[in-house]
Amino acid sequence: MSDGKKSAPEVAVIGTGAIGSALVHRLLGSGYDITVWNRTESRATELVAAGALPARSVREAVSSSTLVFLTLKDYTAVEQCLTQLDMDLSGHTIVGMYTGTSSEARLAAQRATTLGAHYIDAGIQASPEMIGTDTATILYSGSRHAFEQHKTTLQLLSKPRFVGETPEAAAVWDLALFGVWYDAQLGLLRALGAAHEAGIDVVEFSHTASTQLGHVVTGVSATVSEMQQATYPPGPADLTEHLAVVRHLIELRSGRRLGNGGLPEVAARIEALIADGRGDEGLTATVG
Ligand SMILES: NC(=O)c1ccc[n+]([C@@H]2O[C@H](COP(=O)([O-])OP(=O)(O)OC[C@H]3O[C@@H](n4cnc5c(N)ncnc54)[C@H](OP(=O)(O)O)[C@@H]3O)[C@@H](O)[C@H]2O)c1
């Protein structure tokens with residue numbers, strides 16, 4: 001992370017929960033003037049004691065600042081704060097820093113730009129204690145101009161990564177990345193659950209499961225290349241062979257707490273491709 005210095009812009013942080021507080025501490029430590037507002041006033045007391053300026057309303061916080069972070073729980077909270085702003089926000093940049101959907105990012109951008117502000121949507125790939133370190137990545141999308149204008153400040157928080165000029169690009173990246181983790185972790189949990197129920201030593205099983213996860217990681221660039229070239233070599237198994245395994249897996253997972261993970265849809269997709277004469281292709285064909 002680069003070192004900060006006392007300089008423009010004036011920054012406001014709306015929402016001083018875990019992420020908002022981490023931002024405030026990092027920016028105060030870099031010499032910034034920070035105005036804070038939190039719905040529950042007492043939750044900002046410690047930050048005010050540390051040097052942040054308290055605002056009496058969202059409106060007051062935004063008026064005093066050219067760069068405004070909305071570090072809030074969700075889009076509902078973002079919307080409730082944005083609707084309190086009924087003034088001209090030309091020259092202000094609003095950063096919506098929360099986990100939300102594509103349509104929510106578009107709505108937030110629409111509201112902010114209607115008021116004349118630049119809008120940046122942010123996806124946080126970090127926990128609060130990572131803010132201000134090189135281990136944190138924050139994804140940004142929307143106004144490239146505003147991103148470039150405030151890059152020095154954003155670099156204090158994490159490795160900033162601009163992922164697209166549509167407001168929703170950061171939300172898509174953010175959620176898709178969470179999806180990679182959930183699919184892998186829930187796949188592991190399903191496997192451990194099935195092994196445990198069958199009386200198998202889960203510690204011994206987990207070593208082989210780790211190797212399986214490693215195969216996914218080492219195959220990432222080949223998979224991407226297949227998608228880009230729209231060619232789907234079978235690799236270790238073609239679709240006909242995959243279908244047989246997927247059907248067995250549906251049976252293994254039948255009646256279990258975490259369900260079958262959407263495998264019937266996968267089987268139906270493979271069946272359609274086989275019916276189309278593509279049974280000798282590889283698994284990447286399912287998204288082609
Ligand atoms: N913490 C993490 O590790 C992490 C990691 C990645 C992404 N995120 C995402 O980052 C966002 C913030 O997370 P966080 O951990 O900072 O959450 P948090 O500690 O629960 O803080 C949530 C903030 O939102 C405010 N808020 C909630 N509803 C509101 C409303 N209707 N109007 C005004 N303010 C409202 C809360 O105010 P009150 O104090 O008044 O309740 C609080 O300031 C979330 O979208 C979360 O999913 C968090």
# chains A, B, ... in the order shown; residues from 1 in each chain; ligands from 1
$ residues_near_ligand --ligand "ligand 1" --cutoff "10 Å" --atoms "only C-alpha atoms and all ligand atoms" --output "PyMOL selection string"
chain A and resi 13-23+37-44+58+70-82+96-100+122-131+138+174+178
$ select_by_dssp --residues "segment 4-248 of chain A" --states "alpha helix (DSSP H)" --output "VMD selection string"
chain A and resid 18 to 29 45 to 49 58 to 63 75 to 82 102 to 114 144 to 149 151 to 157 169 to 197 202 to 218 220 to 229 239 to 248
$ residues_around --residues "segment 221-227 of chain A" --least-positions-apart "5" --cutoff "12 Å" --atoms "only C-alpha atoms" --output "list in words"
His215, Val216, Tyr232, Pro233, Pro234, Gly235, Glu281, Gly282, Leu283, Thr284, Ala285, Thr286, Val287 and Gly288 of chain A
$ closest_atom_pairs --of "segment 16-71 of chain A" --to "segment 146-151 of chain A" --cutoff "12 Å" --atoms "only C-alpha atoms" --output "tab-separated table"
residue	atom	partner	partner_atom	distance
A:Thr66	CA	A:His150	CA	9.9
A:Leu67	CA	A:His150	CA	7.9
A:Val68	CA	A:His150	CA	10.9
A:Phe69	CA	A:His150	CA	11.8
$ residues_around --residues "Leu188 of chain A" --least-positions-apart "4" --cutoff "8 Å" --atoms "only C-alpha atoms" --output "PDB file with N, CA and C atoms, in the first residue's frame"
ATOM      1  N   ALA A 184     -17.063 -24.792  -4.462  1.00  0.00           N
ATOM      2  CA  ALA A 184     -15.978 -25.681  -4.028  1.00  0.00           C
ATOM      3  C   ALA A 184     -16.183 -26.117  -2.580  1.00  0.00           C
ATOM      4  N   LEU A 192     -17.603 -34.744   2.241  1.00  0.00           N
ATOM      5  CA  LEU A 192     -17.241 -35.158   3.605  1.00  0.00           C
ATOM      6  C   LEU A 192     -18.451 -35.767   4.315  1.00  0.00           C
ATOM      7  N   ALA A 209      -9.382 -35.703  -1.359  1.00  0.00           N
ATOM      8  CA  ALA A 209     -10.271 -34.607  -1.770  1.00  0.00           C
ATOM      9  C   ALA A 209      -9.442 -33.355  -2.089  1.00  0.00           C
TER      10      ALA A 209
END
$ atom_distance --atom1 "atom CA of Ser158 of chain A" --atom2 "atom CA of Leu139 of chain A"
9.4 Å
$ closest_residue --among "A:Pro160, A:Leu154, A:Glu251, A:Val220" --to "Arg26 of chain A" --atoms "only C-alpha atoms"
A:Leu154
$ residues_around --residues "Ser141 of chain A" --least-positions-apart "6" --cutoff "8 Å" --atoms "only C-alpha atoms" --output "list in words"
Ile120, Asp121, Ala122, Phe162, Val163, Gly164, Glu165, Thr166, Pro167, Glu168, Ala169 and Ala170 of chain A
